[in-house]
$ cat run34.cif   # mmCIF, C-alpha atoms
data_start
loop_
_atom_site.group_PDB
_atom_site.id
_atom_site.type_symbol
_atom_site.label_atom_id
_atom_site.label_comp_id
_atom_site.auth_asym_id
_atom_site.auth_seq_id
_atom_site.Cartn_x
_atom_site.Cartn_y
_atom_site.Cartn_z
ATOM 1 C CA MET A 1 51.062 14.324 9.552
ATOM 2 C CA LEU A 2 49.330 17.056 7.621
ATOM 3 C CA MET A 3 46.076 16.298 5.820
ATOM 4 C CA LEU A 4 44.325 18.798 3.577
ATOM 5 C CA HIS A 5 40.922 18.720 1.934
ATOM 6 C CA CYS A 6 41.249 19.109 -1.826
ATOM 7 C CA PRO A 7 38.331 21.322 -2.892
ATOM 8 C CA ASN A 8 38.730 20.181 -6.502
ATOM 9 C CA CYS A 9 38.151 16.472 -6.016
ATOM 10 C CA GLY A 10 36.530 16.583 -2.589
ATOM 11 C CA ARG A 11 38.982 14.244 -0.849
ATOM 12 C CA ASP A 12 40.899 14.576 2.389
ATOM 13 C CA VAL A 13 44.393 13.844 1.200
ATOM 14 C CA ASP A 14 47.676 13.081 2.846
ATOM 15 C CA GLU A 15 50.526 15.567 2.578
ATOM 16 C CA THR A 16 52.580 13.000 0.648
ATOM 17 C CA ASP A 17 50.015 13.123 -2.182
ATOM 18 C CA LEU A 18 50.530 16.874 -2.449
ATOM 19 C CA HIS A 19 53.237 19.262 -3.503
ATOM 20 C CA ALA A 20 53.687 22.540 -1.647
ATOM 21 C CA GLY A 21 53.563 25.538 -3.963
ATOM 22 C CA GLY A 22 54.641 28.299 -1.587
ATOM 23 C CA GLU A 23 52.894 31.509 -0.600
ATOM 24 C CA ALA A 24 49.456 32.199 -2.063
ATOM 25 C CA HIS A 25 47.879 35.454 -3.233
ATOM 26 C CA LEU A 26 51.011 36.919 -4.804
ATOM 27 C CA ARG A 27 50.311 39.849 -7.069
ATOM 28 C CA ARG A 28 52.243 39.684 -10.283
ATOM 29 C CA GLU A 29 54.249 42.755 -11.155
ATOM 30 C CA GLY A 30 54.238 43.683 -14.822
ATOM 31 C CA ALA A 31 56.937 45.037 -17.090
ATOM 32 C CA GLU A 32 56.261 48.610 -15.949
ATOM 33 C CA ALA A 33 57.091 47.783 -12.302
ATOM 34 C CA SER A 34 60.154 49.161 -10.565
ATOM 35 C CA ALA A 35 63.120 46.844 -10.102
ATOM 36 C CA GLU A 36 62.445 46.722 -6.336
ATOM 37 C CA ALA A 37 58.783 45.798 -6.787
ATOM 38 C CA PHE A 38 59.672 43.116 -9.307
ATOM 39 C CA GLU A 39 62.361 41.693 -7.037
ATOM 40 C CA ASP A 40 59.809 41.634 -4.222
ATOM 41 C CA TYR A 41 57.353 39.749 -6.369
ATOM 42 C CA LEU A 42 59.930 37.254 -7.608
ATOM 43 C CA PHE A 43 61.942 36.505 -4.506
ATOM 44 C CA MET A 44 60.509 37.926 -1.295
ATOM 45 C CA ARG A 45 58.233 35.542 0.570
ATOM 46 C CA LYS A 46 56.578 35.652 3.963
ATOM 47 C CA ASN A 47 57.870 33.185 6.507
ATOM 48 C CA PRO A 48 55.486 33.647 9.407
ATOM 49 C CA LYS A 49 55.280 31.714 12.623
ATOM 50 C CA GLY A 50 51.528 31.553 12.609
ATOM 51 C CA VAL A 51 48.803 32.113 10.026
ATOM 52 C CA HIS A 52 49.927 31.442 6.479
ATOM 53 C CA PHE A 53 48.172 31.182 3.121
ATOM 54 C CA GLU A 54 49.659 28.604 0.818
ATOM 55 C CA ARG A 55 49.300 27.082 -2.610
ATOM 56 C CA TRP A 56 49.159 23.302 -2.832
ATOM 57 C CA HIS A 57 49.172 21.034 -5.864
ATOM 58 C CA HIS A 58 47.327 17.715 -5.692
ATOM 59 C CA THR A 59 50.132 16.059 -7.630
ATOM 60 C CA PHE A 60 49.308 12.379 -7.140
ATOM 61 C CA GLY A 61 45.557 12.988 -7.295
ATOM 62 C CA CYS A 62 43.446 15.193 -9.515
ATOM 63 C CA GLY A 63 46.419 17.306 -10.613
ATOM 64 C CA LYS A 64 44.798 20.620 -9.658
ATOM 65 C CA TRP A 65 45.945 23.524 -7.501
ATOM 66 C CA PHE A 66 44.142 24.800 -4.427
ATOM 67 C CA HIS A 67 44.812 27.182 -1.555
ATOM 68 C CA ALA A 68 45.111 26.385 2.134
ATOM 69 C CA ALA A 69 45.078 28.593 5.228
ATOM 70 C CA ARG A 70 46.961 27.091 8.145
ATOM 71 C CA ASP A 71 49.136 27.867 11.131
ATOM 72 C CA THR A 72 52.785 27.078 10.485
ATOM 73 C CA ALA A 73 53.520 26.672 14.198
ATOM 74 C CA THR A 74 50.611 24.471 15.310
ATOM 75 C CA LEU A 75 49.782 22.905 11.914
ATOM 76 C CA GLU A 76 46.138 23.800 12.539
ATOM 77 C CA VAL A 77 44.339 23.974 9.209
ATOM 78 C CA PHE A 78 41.744 26.761 8.993
ATOM 79 C CA GLY A 79 40.460 25.619 5.643
ATOM 80 C CA THR A 80 41.168 25.082 1.973
ATOM 81 C CA TYR A 81 39.601 26.859 -0.965
ATOM 82 C CA SER A 82 39.728 27.344 -4.700
ATOM 83 C CA ALA A 83 42.911 28.714 -6.249
ATOM 84 C CA GLN A 84 40.833 30.835 -8.653
ATOM 85 C CA THR A 85 40.684 33.790 -6.288
ATOM 86 C CA SER A 86 42.878 36.728 -5.346
ATOM 87 C CA GLU A 87 42.031 36.688 -1.654
ATOM 88 C CA PRO A 88 40.708 34.155 0.882
ATOM 89 C CA PRO A 89 36.929 33.686 1.098
ATOM 90 C CA LYS A 90 35.170 35.486 3.940
ATOM 91 C CA GLU A 91 34.389 32.333 5.930
ATOM 92 C CA ILE A 92 38.087 31.433 6.089
ATOM 93 C CA ILE A 93 39.046 34.944 7.216
ATOM 94 C CA ASP A 94 36.268 34.877 9.827
ATOM 95 C CA ARG A 95 37.348 31.481 11.118
ATOM 96 C CA ILE A 96 40.949 32.637 11.537
ATOM 97 C CA ALA A 97 39.893 35.918 13.162
ATOM 98 C CA GLU A 98 37.812 33.989 15.660
ATOM 99 C CA LYS A 99 40.735 31.752 16.643
ATOM 100 C CA ARG A 100 43.510 34.343 16.378
ATOM 101 C CA PRO A 101 42.053 37.626 17.723
ATOM 102 C CA ASN A 102 45.256 39.559 17.033
ATOM 103 C CA TRP A 103 45.332 38.555 13.398
ATOM 104 C CA SER A 104 43.600 40.321 10.537
ATOM 105 C CA TRP A 105 43.734 39.881 6.775
ATOM 106 C CA GLU A 106 44.377 43.605 6.314
ATOM 107 C CA SER A 107 47.451 43.630 8.550
ATOM 108 C CA ASP A 108 48.639 40.371 6.979
ATOM 109 C CA THR A 109 48.772 41.788 3.464
ATOM 110 C CA MET B 1 45.614 -13.602 -2.923
ATOM 111 C CA ARG B 2 46.389 -13.134 -6.568
ATOM 112 C CA VAL B 3 48.123 -10.248 -8.321
ATOM 113 C CA ARG B 4 48.045 -10.332 -12.102
ATOM 114 C CA GLU B 5 48.495 -8.104 -15.087
ATOM 115 C CA THR B 6 45.244 -7.681 -16.953
ATOM 116 C CA GLY B 7 46.823 -7.163 -20.353
ATOM 117 C CA LEU B 8 46.159 -4.433 -22.858
ATOM 118 C CA ARG B 9 43.266 -2.105 -22.133
ATOM 119 C CA GLY B 10 41.897 0.663 -24.293
ATOM 120 C CA MET B 11 41.953 4.023 -22.504
ATOM 121 C CA ILE B 12 40.807 7.353 -23.849
ATOM 122 C CA SER B 13 41.413 10.534 -21.947
ATOM 123 C CA LEU B 14 38.480 12.889 -22.471
ATOM 124 C CA ARG B 15 38.893 16.432 -21.230
ATOM 125 C CA GLY B 16 36.243 19.091 -21.316
ATOM 126 C CA ASP B 17 33.355 20.543 -19.360
ATOM 127 C CA LEU B 18 32.039 17.495 -17.488
ATOM 128 C CA SER B 19 28.699 19.190 -16.866
ATOM 129 C CA ASP B 20 28.045 19.443 -20.610
ATOM 130 C CA THR B 21 25.161 17.105 -21.482
ATOM 131 C CA VAL B 22 26.468 16.495 -25.002
ATOM 132 C CA LEU B 23 29.783 15.294 -23.601
ATOM 133 C CA ARG B 24 28.096 13.249 -20.877
ATOM 134 C CA THR B 25 25.688 11.565 -23.254
ATOM 135 C CA CYS B 26 28.496 10.781 -25.681
ATOM 136 C CA ALA B 27 30.529 9.131 -22.898
ATOM 137 C CA THR B 28 27.644 7.101 -21.515
ATOM 138 C CA ASP B 29 26.453 6.036 -24.977
ATOM 139 C CA LEU B 30 29.912 4.753 -25.863
ATOM 140 C CA THR B 31 30.341 2.749 -22.676
ATOM 141 C CA GLY B 32 26.845 1.802 -21.523
ATOM 142 C CA VAL B 33 27.564 2.835 -17.930
ATOM 143 C CA ALA B 34 26.328 5.770 -15.853
ATOM 144 C CA PHE B 35 28.392 8.960 -15.817
ATOM 145 C CA PRO B 36 30.663 8.918 -12.730
ATOM 146 C CA GLN B 37 30.566 11.577 -10.049
ATOM 147 C CA ALA B 38 33.732 12.897 -8.402
ATOM 148 C CA GLY B 39 35.709 9.999 -6.941
ATOM 149 C CA GLN B 40 33.784 7.308 -8.764
ATOM 150 C CA ALA B 41 34.616 4.650 -11.337
ATOM 151 C CA MET B 42 31.803 3.067 -13.299
ATOM 152 C CA VAL B 43 33.410 -0.034 -14.716
ATOM 153 C CA GLY B 44 31.486 -2.767 -16.517
ATOM 154 C CA ALA B 45 32.823 -5.984 -18.040
ATOM 155 C CA ASP B 46 35.076 -4.381 -20.631
ATOM 156 C CA LYS B 47 34.011 -0.744 -20.748
ATOM 157 C CA GLY B 48 33.850 1.967 -18.156
ATOM 158 C CA LEU B 49 34.079 5.613 -17.154
ATOM 159 C CA VAL B 50 36.486 6.856 -14.525
ATOM 160 C CA TRP B 51 36.440 10.329 -12.937
ATOM 161 C CA MET B 52 40.036 11.568 -13.117
ATOM 162 C CA SER B 53 39.735 15.261 -12.236
ATOM 163 C CA PRO B 54 37.172 18.083 -12.467
ATOM 164 C CA ASP B 55 37.798 18.330 -16.212
ATOM 165 C CA GLU B 56 38.854 14.838 -17.208
ATOM 166 C CA ILE B 57 37.315 11.395 -17.456
ATOM 167 C CA LEU B 58 39.013 8.249 -18.628
ATOM 168 C CA ILE B 59 37.044 6.014 -20.955
ATOM 169 C CA LEU B 60 37.875 2.322 -20.685
ATOM 170 C CA ALA B 61 37.254 0.151 -23.727
ATOM 171 C CA PRO B 62 38.621 -2.990 -25.349
ATOM 172 C CA TYR B 63 42.124 -2.243 -26.637
ATOM 173 C CA SER B 64 41.222 -2.944 -30.255
ATOM 174 C CA ASP B 65 38.315 -0.436 -30.128
ATOM 175 C CA ALA B 66 40.295 2.489 -28.690
ATOM 176 C CA GLN B 67 41.113 4.368 -31.875
ATOM 177 C CA GLN B 68 37.629 3.818 -33.263
ATOM 178 C CA THR B 69 36.188 5.199 -30.010
ATOM 179 C CA VAL B 70 38.329 8.341 -30.329
ATOM 180 C CA ASP B 71 37.082 8.806 -33.891
ATOM 181 C CA MET B 72 33.472 8.477 -32.732
ATOM 182 C CA ILE B 73 34.043 11.081 -29.984
ATOM 183 C CA GLN B 74 35.626 13.485 -32.496
ATOM 184 C CA GLU B 75 32.563 13.083 -34.666
ATOM 185 C CA ARG B 76 29.956 13.444 -31.912
ATOM 186 C CA LEU B 77 31.524 16.337 -30.022
ATOM 187 C CA LYS B 78 32.163 18.538 -33.048
ATOM 188 C CA GLY B 79 31.642 22.161 -32.124
ATOM 189 C CA ILE B 80 32.227 21.898 -28.384
ATOM 190 C CA HIS B 81 35.519 22.470 -26.584
ATOM 191 C CA PHE B 82 37.075 19.105 -25.701
ATOM 192 C CA LEU B 83 40.188 16.974 -26.042
ATOM 193 C CA ALA B 84 40.084 13.221 -26.675
ATOM 194 C CA THR B 85 43.319 11.254 -26.783
ATOM 195 C CA ASN B 86 44.058 7.565 -27.095
ATOM 196 C CA VAL B 87 46.325 6.911 -24.100
ATOM 197 C CA SER B 88 45.970 3.118 -24.101
ATOM 198 C CA ASP B 89 49.704 2.543 -24.231
ATOM 199 C CA ALA B 90 50.518 5.035 -21.484
ATOM 200 C CA ARG B 91 49.197 3.001 -18.591
ATOM 201 C CA SER B 92 48.734 -0.589 -17.559
ATOM 202 C CA VAL B 93 46.260 -2.244 -15.222
ATOM 203 C CA ILE B 94 47.059 -4.761 -12.495
ATOM 204 C CA ALA B 95 44.300 -6.731 -10.784
ATOM 205 C CA VAL B 96 44.538 -7.616 -7.101
ATOM 206 C CA GLU B 97 42.142 -10.386 -6.118
ATOM 207 C CA GLY B 98 41.395 -12.162 -2.883
ATOM 208 C CA PRO B 99 39.864 -11.814 0.565
ATOM 209 C CA PHE B 100 42.018 -8.942 1.862
ATOM 210 C CA VAL B 101 42.488 -6.701 -1.148
ATOM 211 C CA ARG B 102 41.829 -3.614 0.976
ATOM 212 C CA GLU B 103 44.740 -4.418 3.235
ATOM 213 C CA VAL B 104 47.151 -5.036 0.373
ATOM 214 C CA LEU B 105 46.407 -1.537 -0.951
ATOM 215 C CA ALA B 106 46.321 0.002 2.532
ATOM 216 C CA LYS B 107 49.916 -1.073 3.102
ATOM 217 C CA LEU B 108 51.046 0.941 0.106
ATOM 218 C CA ALA B 109 48.800 3.981 -0.350
ATOM 219 C CA PRO B 110 47.985 6.899 2.029
ATOM 220 C CA VAL B 111 44.282 6.313 1.517
ATOM 221 C CA ASP B 112 41.383 5.354 3.794
ATOM 222 C CA LEU B 113 40.375 1.925 2.509
ATOM 223 C CA HIS B 114 37.796 1.186 5.184
ATOM 224 C CA PRO B 115 34.502 0.018 3.629
ATOM 225 C CA HIS B 116 32.895 3.269 4.828
ATOM 226 C CA ALA B 117 35.246 5.277 2.633
ATOM 227 C CA PHE B 118 36.128 2.904 -0.184
ATOM 228 C CA ALA B 119 33.528 0.590 -1.682
ATOM 229 C CA PRO B 120 32.787 -0.941 -5.084
ATOM 230 C CA GLY B 121 32.497 2.005 -7.461
ATOM 231 C CA SER B 122 34.928 4.197 -5.503
ATOM 232 C CA PHE B 123 37.943 5.524 -7.311
ATOM 233 C CA TYR B 124 41.148 6.969 -5.938
ATOM 234 C CA ARG B 125 44.170 8.596 -7.499
ATOM 235 C CA SER B 126 47.081 8.485 -5.129
ATOM 236 C CA ARG B 127 50.408 6.717 -4.983
ATOM 237 C CA LEU B 128 51.716 3.239 -4.296
ATOM 238 C CA GLY B 129 55.058 3.528 -2.551
ATOM 239 C CA GLN B 130 56.872 6.006 -4.726
ATOM 240 C CA VAL B 131 54.809 6.017 -7.903
ATOM 241 C CA ALA B 132 51.493 7.506 -8.982
ATOM 242 C CA ALA B 133 48.649 5.010 -9.135
ATOM 243 C CA ALA B 134 44.889 4.968 -9.409
ATOM 244 C CA PHE B 135 42.604 2.228 -8.247
ATOM 245 C CA TRP B 136 38.994 1.214 -8.136
ATOM 246 C CA MET B 137 37.103 -1.623 -6.585
ATOM 247 C CA ARG B 138 35.153 -4.017 -8.805
ATOM 248 C CA ASP B 139 33.795 -5.947 -5.848
ATOM 249 C CA ASP B 140 34.861 -6.707 -2.291
ATOM 250 C CA GLU B 141 37.575 -9.087 -3.460
ATOM 251 C CA ASN B 142 38.766 -7.404 -6.618
ATOM 252 C CA ILE B 143 40.629 -4.109 -6.970
ATOM 253 C CA GLU B 144 42.111 -2.890 -10.231
ATOM 254 C CA VAL B 145 45.211 -0.729 -10.033
ATOM 255 C CA MET B 146 46.288 1.519 -12.875
ATOM 256 C CA THR B 147 49.826 2.860 -13.096
ATOM 257 C CA PHE B 148 51.975 4.382 -15.767
ATOM 258 C CA ARG B 149 53.411 1.602 -17.912
ATOM 259 C CA SER B 150 56.943 2.755 -17.145
ATOM 260 C CA THR B 151 56.391 2.114 -13.418
ATOM 261 C CA ALA B 152 54.169 -0.967 -13.743
ATOM 262 C CA ALA B 153 56.951 -3.445 -12.915
ATOM 263 C CA TYR B 154 57.699 -1.565 -9.683
ATOM 264 C CA ALA B 155 54.000 -1.419 -8.769
ATOM 265 C CA PHE B 156 53.556 -5.110 -9.541
ATOM 266 C CA GLY B 157 56.476 -5.969 -7.265
ATOM 267 C CA LEU B 158 55.055 -3.836 -4.462
ATOM 268 C CA LEU B 159 51.604 -5.396 -4.737
ATOM 269 C CA ALA B 160 52.954 -8.947 -4.949
ATOM 270 C CA LYS B 161 55.103 -8.387 -1.854
ATOM 271 C CA ALA B 162 52.273 -6.731 0.084
ATOM 272 C CA ALA B 163 49.921 -9.602 -0.796
ATOM 273 C CA GLU B 164 52.476 -12.175 0.292
ATOM 274 C CA GLY B 165 52.678 -10.727 3.793
ATOM 275 C CA GLY B 166 49.076 -11.559 4.642
ATOM 276 C CA ALA B 167 46.347 -9.503 6.261
ATOM 277 C CA VAL B 168 47.215 -7.084 9.038
ATOM 278 C CA GLY B 169 43.729 -7.321 10.513
ATOM 279 C CA HIS B 170 42.894 -3.615 10.804
ATOM 280 C CA LEU B 171 40.118 -3.789 8.225
ATOM 281 C CA VAL B 172 38.234 -6.725 9.734
ATOM 282 C CA SER B 173 35.532 -8.349 7.654
ATOM 283 C CA ASP B 174 32.785 -7.556 10.244
ATOM 284 C CA ASP B 175 32.929 -3.963 9.021
ATOM 285 C CA ALA B 176 32.048 -5.024 5.487
ATOM 286 C CA GLY B 177 28.406 -5.255 6.572
ATOM 287 C CA ASP B 178 28.224 -1.461 6.889
ATOM 288 C CA ALA B 179 29.785 -0.870 3.483
ATOM 289 C CA ARG B 180 28.193 1.791 1.364
ATOM 290 C CA GLY B 181 27.243 1.128 -2.268
#

$ encode --input "run34.cif" --output "structure tokens"
Amino acid sequence: MLMLHCPNCGRDVDETDLHAGGEAHLRREGAEASAEAFEDYLFMRKNPKGVHFERWHHTFGCGKWFHAARDTATLEVFGTYSAQTSEPPKEIIDRIAEKRPNWSWESDT
Amino acid sequence: MRVRETGLRGMISLRGDLSDTVLRTCATDLTGVAFPQAGQAMVGADKGLVWMSPDEILILAPYSDAQQTVDMIQERLKGIHFLATNVSDARSVIAVEGPFVREVLAKLAPVDLHPHAFAPGSFYRSRLGQVAAAFWMRDDENIEVMTFRSTAAYAFGLLAKAAEGGAVGHLVSDDAGDARG
């Protein structure tokens, strides 16, 4: 069972109260983008075995979005944080780097 | 154990900046209860304030006063950014009463209902079985459950069945002594 801390309402909530919103930190491509870049933005998603940044919606609770950093293989949750950001906060990156020495945010993006 | 519908209840959804003192004072003046913090429900005899999300509180009032309450909010909050809507007919409230109310809810919702985590004044939005529900504790033997009116019959059935089955015994009454609030 996966439990995530919703940073909006401050509760530890069960996965069944949430809705998964896919990969986080996507950069929207505008009208001037090439067809390939726009296709990438629309359809191409990471599917890592390991560290992953995700969007989650607290559907049955406060109705707000937040982000979560977790390991898709072990289900270890590194932390959750506000969705109003374009990259993970430093403490989350540091925590992951400490536990996964071969991982870095720069090589992940 | 008793599960009963509580009848019509006035509910006003008030959205806005919950840190705004004008908004807070308006809400507390209208209801006579303290302004709730995240995860709290301040519910008096027939009025109350419930923390729904970081930008929404639900004002509880007698059903007949709901529209008048909305009008008063419109008047008092002129000039600030807010949204007040009479949603009294959108939801209904079911009361669960008796010695093991926590266990009845615990059978149906993925929520920690131990007295350490859930006490009078606590408020949760989660689900009962397959439908969205919110609930708060009036006292140790009285929980009020709010669901959308369209799913109230399902929720009532769930609660009635869960109450019928008796206590499971995981939330033993000895723990109630440590309850917060």

$ interface_residues --input "run34.cif" --of "chain B" --to "chain A" --cutoff "6 Å" --atoms "all atoms listed in the file" --output "NGL selection string"
:B and (53 or 125-126 or 132)

$ closest_residue --input "run34.cif" --among "A:Met44, A:Pro7, A:Lys49, A:Ile96" --to "Thr74 of chain A" --atoms "all atoms listed in the file"
A:Lys49

$ residues_around --input "run34.cif" --residues "segment 85-89 of chain A" --least-positions-apart "3" --cutoff "10 Å" --atoms "all atoms listed in the file" --output "list in words"
Ala24, His25, Leu26, Arg27, Phe53, Phe66, His67, Ala68, Ala69, Gly79, Thr80, Tyr81, Ser82, Ile92, Ile93, Asp94, Trp105 and Thr109 of chain A

$ closest_residue --input "run34.cif" --among "B:Asp65, B:Ile59, B:Met146, B:Tyr124" --to "Ala38 of chain B" --atoms "all atoms listed in the file"
B:Tyr124

$ atom_distance --input "run34.cif" --atom1 "atom CA of Val101 of chain B" --atom2 "atom CA of Arg9 of chain B"
21.5 Å

$ atom_distance --input "run34.cif" --atom1 "atom CA of His5 of chain A" --atom2 "atom CA of Met42 of chain B"
23.7 Å

$ resolve_selection --input "run34.cif" --expression "the PyMOL selection byres ((chain B and resi 90) around 6)" --output "VMD selection string"
chain B and resid 87 to 89 91 148 to 149
